[in-house]
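The file run17.txt contains compact mmCIF, C-alpha atoms:
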```txt
# COMPACT_ATOMS: atom_id res chain seq x y z
CA MET A 1335 121.38 122.52 -54.46
CA THR A 1336 124.28 120.73 -56.17
CA THR A 1337 127.21 123.05 -56.92
CA LEU A 1338 129.36 122.78 -60.03
CA ALA A 1339 132.22 121.41 -57.95
CA ASP A 1340 129.90 118.77 -56.47
CA ALA A 1341 128.65 117.80 -59.92
CA LYS A 1342 132.19 117.23 -61.19
CA THR A 1343 132.82 114.69 -58.43
CA LYS A 1344 129.39 113.08 -58.59
CA GLU A 1345 129.55 109.34 -59.16
CA VAL A 1346 128.72 108.46 -62.76
CA ASP A 1347 125.57 106.36 -62.96
CA THR A 1348 126.21 102.77 -64.12
CA GLY A 1349 123.78 103.08 -67.03
CA ILE A 1350 125.42 106.31 -68.19
CA ARG A 1351 128.90 104.80 -67.87
CA GLU A 1352 127.89 101.78 -69.94
CA ALA A 1353 126.29 104.00 -72.60
CA LEU A 1354 129.44 106.13 -72.75
CA GLU A 1355 131.63 103.03 -73.02
CA ALA A 1356 129.55 101.79 -75.95
CA ALA A 1357 129.62 105.19 -77.66
CA LEU A 1358 133.39 105.58 -77.25
CA ALA A 1359 134.03 102.04 -78.47
CA ARG A 1360 131.88 102.62 -81.57
CA GLY A 1361 133.87 105.73 -82.41
CA ALA A 1362 137.32 104.15 -82.14
CA LEU A 1363 138.97 103.37 -85.47
CA PRO A 1364 141.17 100.25 -85.66
CA GLY A 1365 144.34 102.26 -85.11
CA GLU A 1366 142.83 104.00 -82.08
CA ARG A 1367 141.96 100.75 -80.32
CA GLU A 1368 145.59 99.95 -79.50
CA GLY A 1369 145.99 100.04 -75.73
CA PHE A 1370 142.28 100.80 -75.33
CA ASP A 1371 141.24 97.67 -73.46
CA GLU A 1372 138.15 97.29 -71.26
CA ALA A 1373 139.80 98.93 -68.26
CA ALA A 1374 140.97 101.91 -70.33
CA LEU A 1375 137.53 102.20 -71.94
CA THR A 1376 135.82 102.25 -68.53
CA ALA A 1377 138.26 104.87 -67.22
CA ALA A 1378 137.65 107.03 -70.29
CA ALA A 1379 133.86 106.73 -69.91
CA LEU A 1380 134.05 107.74 -66.24
CA PHE A 1381 136.29 110.70 -67.09
CA VAL A 1382 133.89 111.90 -69.80
CA GLY A 1383 130.89 111.32 -67.52
CA ARG A 1384 132.38 113.33 -64.66
CA THR A 1385 133.25 116.16 -67.04
CA ALA A 1386 129.74 116.12 -68.50
CA ASN A 1387 128.29 116.39 -64.97
CA GLY A 1388 130.17 119.65 -64.49
CA ARG A 1389 128.77 121.42 -67.53
CA LEU A 1390 126.80 124.63 -67.16
CA ALA A 1391 124.01 125.32 -69.66
CA GLY A 1392 125.28 127.06 -72.77
CA GLN A 1393 128.94 126.65 -71.78
CA PRO A 1394 131.54 123.98 -72.58
CA ALA A 1395 133.01 121.71 -69.92
CA ILE A 1396 136.74 121.02 -70.29
CA ALA A 1397 138.88 118.68 -68.22
CA ILE A 1398 142.55 117.77 -68.60
CA GLU A 1399 144.24 115.01 -66.60
CA THR A 1400 147.78 113.70 -66.77
CA LEU A 1401 148.29 109.96 -66.73
CA GLY A 1402 151.21 107.57 -66.64
CA GLU A 1403 152.57 105.43 -69.43
CA GLY A 1404 150.34 104.74 -72.41
CA ALA A 1405 150.83 103.14 -75.80
CA ASN A 1406 152.82 106.23 -76.83
CA GLY A 1407 154.62 107.00 -73.57
CA ARG A 1408 153.55 109.53 -70.93
CA PHE A 1409 150.30 111.16 -71.93
CA MET A 1410 147.32 113.21 -70.82
CA ARG A 1411 143.64 112.97 -71.58
CA ILE A 1412 141.19 115.72 -72.41
CA ALA A 1413 137.40 115.74 -72.28
CA LEU A 1414 135.35 118.48 -73.93
CA ILE A 1415 131.56 118.52 -73.56
CA ASN A 1416 129.63 121.03 -75.63
CA ASP A 1417 126.37 121.60 -77.46
CA ASP A 1418 126.62 119.77 -80.77
CA MET A 1419 127.60 122.12 -83.59
CA PRO A 1420 129.72 122.12 -86.75
CA PHE A 1421 133.51 122.64 -86.85
CA LEU A 1422 134.22 121.31 -83.34
CA VAL A 1423 136.71 118.54 -84.08
CA ASP A 1424 138.77 120.44 -86.65
CA SER A 1425 138.87 123.54 -84.46
CA ILE A 1426 139.98 121.59 -81.39
CA ALA A 1427 142.58 119.61 -83.35
CA ASN A 1428 143.98 122.89 -84.71
CA ALA A 1429 144.19 124.32 -81.18
CA LEU A 1430 146.23 121.34 -80.01
CA ALA A 1431 148.44 121.48 -83.10
CA ALA A 1432 149.07 125.19 -82.43
CA SER A 1433 150.24 124.19 -78.94
CA ASP A 1434 152.56 121.59 -80.52
CA ILE A 1435 150.67 118.72 -78.87
CA THR A 1436 150.29 115.45 -80.78
CA ILE A 1437 146.93 113.66 -80.58
CA HIS A 1438 147.08 109.86 -80.32
CA ARG A 1439 143.39 109.11 -79.85
CA LEU A 1440 140.34 111.28 -80.58
CA LEU A 1441 136.83 109.92 -80.09
CA HIS A 1442 133.75 112.03 -80.74
CA PRO A 1443 130.35 110.57 -79.90
CA VAL A 1444 127.38 112.92 -80.27
CA LEU A 1445 124.67 111.78 -77.88
CA SER A 1446 121.08 112.56 -77.01
CA ILE A 1447 120.94 113.34 -73.30
CA THR A 1448 118.83 114.68 -70.47
CA ARG A 1449 120.05 116.62 -67.44
CA ASP A 1450 118.55 116.90 -64.00
CA GLY A 1451 117.47 120.12 -62.31
CA ASP A 1452 121.05 120.83 -61.17
CA GLY A 1453 122.44 120.30 -64.67
CA ALA A 1454 124.13 116.94 -63.99
CA LEU A 1455 123.91 114.27 -66.67
CA ALA A 1456 120.74 112.27 -65.94
CA ALA A 1457 120.42 109.86 -68.87
CA ILE A 1458 121.72 109.02 -72.33
CA LEU A 1459 118.83 108.38 -74.70
CA ASP A 1460 118.32 106.79 -78.10
CA ASP A 1461 119.52 109.03 -80.92
CA ASP A 1462 115.98 109.54 -82.22
CA ALA A 1463 114.46 110.38 -78.81
CA PRO A 1464 112.05 113.31 -79.35
CA GLY A 1465 113.03 116.59 -77.75
CA ALA A 1466 116.39 115.34 -76.48
CA ARG A 1467 119.42 117.63 -76.27
CA ARG A 1468 122.31 116.69 -78.54
CA GLU A 1469 125.71 117.12 -76.94
CA SER A 1470 129.18 116.62 -78.35
CA MET A 1471 131.47 114.57 -76.11
CA ILE A 1472 135.06 114.64 -77.29
CA TYR A 1473 137.69 112.41 -75.66
CA ILE A 1474 141.36 112.91 -76.53
CA GLU A 1475 144.59 111.24 -75.51
CA ALA A 1476 147.66 113.29 -76.38
CA ASP A 1477 151.30 113.87 -75.51
CA ARG A 1478 151.72 115.01 -71.93
CA ALA A 1479 152.29 118.73 -71.30
CA ASP A 1480 153.58 120.41 -68.15
CA ALA A 1481 151.29 122.30 -65.77
CA LYS A 1482 151.88 125.71 -67.38
CA ALA A 1483 151.22 124.32 -70.86
CA ARG A 1484 148.06 122.57 -69.65
CA ARG A 1485 146.68 125.82 -68.22
CA ALA A 1486 147.45 127.60 -71.49
CA LEU A 1487 145.86 124.77 -73.46
CA GLU A 1488 142.67 124.83 -71.40
CA LYS A 1489 142.39 128.59 -72.00
CA ALA A 1490 143.02 128.12 -75.74
CA LEU A 1491 140.41 125.36 -75.96
CA ALA A 1492 137.82 127.49 -74.14
CA GLU A 1493 138.50 130.39 -76.51
CA THR A 1494 138.28 128.07 -79.51
CA LEU A 1495 134.91 126.69 -78.43
CA ALA A 1496 133.64 130.23 -77.81
CA ASP A 1497 134.73 131.22 -81.32
CA VAL A 1498 132.95 128.19 -82.81
CA ARG A 1499 129.78 129.00 -80.89
CA ALA A 1500 129.89 132.63 -82.07
CA ALA A 1501 130.45 131.59 -85.68
CA VAL A 1502 127.57 129.10 -85.62
CA THR A 1503 125.26 131.58 -83.87
CA ASP A 1504 126.07 134.27 -86.45
CA TRP A 1505 125.72 131.89 -89.41
CA ALA A 1506 121.96 132.22 -90.05
CA PRO A 1507 121.89 136.06 -89.79
CA MET A 1508 124.95 136.23 -92.06
CA GLN A 1509 123.26 134.04 -94.66
CA ALA A 1510 120.13 136.19 -94.49
CA ALA A 1511 122.19 139.37 -94.93
CA MET A 1512 124.06 137.89 -97.90
CA GLN A 1513 120.78 136.85 -99.49
CA ALA A 1514 119.36 140.33 -98.96
CA ASP A 1515 122.46 141.83 -100.61
CA ALA A 1516 122.13 139.40 -103.51
CA ASP A 1517 118.45 140.26 -103.96
CA ALA A 1518 119.33 143.96 -104.06
CA VAL A 1519 121.78 143.51 -106.94
CA PRO A 1520 119.97 144.18 -110.25
CA ASP A 1521 122.66 142.52 -112.32
CA GLU A 1522 121.79 138.81 -112.61
CA GLU A 1523 125.48 137.94 -112.83
CA GLY A 1524 126.18 139.83 -109.61
CA ALA A 1525 123.31 138.13 -107.81
CA ALA A 1526 124.51 134.72 -108.98
CA CYS A 1527 127.99 135.55 -107.73
CA CYS A 1528 126.69 136.44 -104.27
CA ALA A 1529 124.57 133.30 -104.12
CA GLY A 1530 127.56 131.23 -105.20
CA SER A 1531 129.67 132.74 -102.42
CA SER A 1532 127.01 131.76 -99.90
CA ARG A 1533 127.02 128.17 -101.11
CA ALA A 1534 130.81 128.02 -101.13
CA ILE A 1535 131.15 128.80 -97.43
CA SER A 1536 128.22 126.83 -96.07
CA PRO A 1537 129.16 124.46 -93.24
```
Starting from the file, give its structure as structure tokens.
Amino acid sequence: MTTLADAKTKEVDTGIREALEAALARGALPGEREGFDEAALTAAALFVGRTANGRLAGQPAIAIETLGEGANGRFMRIALINDDMPFLVDSIANALAASDITIHRLLHPVLSITRDGDGALAAILDDDAPGARRESMIYIEADRADAKARRALEKALAETLADVRAAVTDWAPMQAAMQADADAVPDEEGAACCAGSSRAISP
């Protein structure tokens, strides 16, 4: 059986790498394409692919690597693979800002995928493929941090993703409870107020 450590070092299939390259390229805005030539795009796709191979079901996969000189000096790259859900990009950007780390490139393809029996990434499918899992694959290039700061950042990112997952999981029960409270209010104005609050905080 393939272990998680083995999966992280598993060679990324050529078809998967090419699909990741295309997805990352599509997501790059004009300002984010600076210094993102074919070689950099391939390296990014391989980094994301290796990180995706090391993801356990129901848990995020996070990888941080330091690199040499980039368009903005010495930098590091971060890959975060997670089930697709709301609030991911803003929450992750806030976590980096709280660590005083400037983001220079952030790409966020959401892809339909399949995984093999060991959990490694097996294929990237068409977006409308029936029954496919949708996974968020976030690639970031940011100012370089030292080893201690990187460890703290990885912990903060894991906690952030756990908070997002908990919020999304609790969302439907919370809506149902709010609706039940609204239905129990005899005053039409009070019920309308509760319903309005529900709409105001919908994702």
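The gap separating CA of Arg1384 (chain A) from CA of Met1410 (chain A) is 16.2 Å, in Å to one decimal.
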Name the residues in contact with Ala1429 (chain A) at a cut-off of 8 Å, using all atoms listed in the file, excluding same-chain residues fewer than 2 positions from it; report them as a PyMOL selection string.
-> chain A and resi 1425-1427+1431-1433+1487+1490-1491+1494
For the point (127.3, 114.9, -76.5) in file coordinates, what residues are within 12 Å, counting all atoms listed in the file? Give the answer as a ChimeraX atom specification?
-> /A:1353-1354,1357-1358,1382-1383,1385-1387,1389,1394-1395,1413-1419,1422,1441-1449,1455,1457-1459,1461,1466-1473
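Straight-line separation from CA of Glu1399 (chain A) to CA of Ile1412 (chain A): 6.6 Å.
Here CA of Lys1489 (chain A) and CA of Ala1391 (chain A) stand 18.8 Å from one another.
Residue nearest Glu1368 (chain A), chosen from A:Ala1518, A:Arg1439, A:Ala1496, A:Val1502 and counting all atoms listed in the file: A:Arg1439.
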Axis-aligned box over every listed atom of region 1387-1396 of chain A, padded by 3 Å per side: centre and edges in Å to one decimal, as lines of an AutoDock Vina configuration file?
```
center_x = 130.4
center_y = 121.7
center_z = -68.6
size_x = 18.7
size_y = 16.7
size_z = 14.3
```
Compile the contact shell of Leu1430 (chain A) as a ChimeraX atom specification: residues with an atom at most 12 Å away, counting all atoms listed in the file, same-chain residues fewer than 5 positions apart removed.
-> /A:1412,1423-1425,1435-1438,1440,1474-1479,1483-1484,1486-1492,1494
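Of the residues under consideration (A:Gly1402, A:Phe1409, A:Leu1380, A:Asp1497), A:Leu1380 shows the shortest atom-to-atom contact distance to Thr1348 (chain A) when counting only C-alpha atoms.
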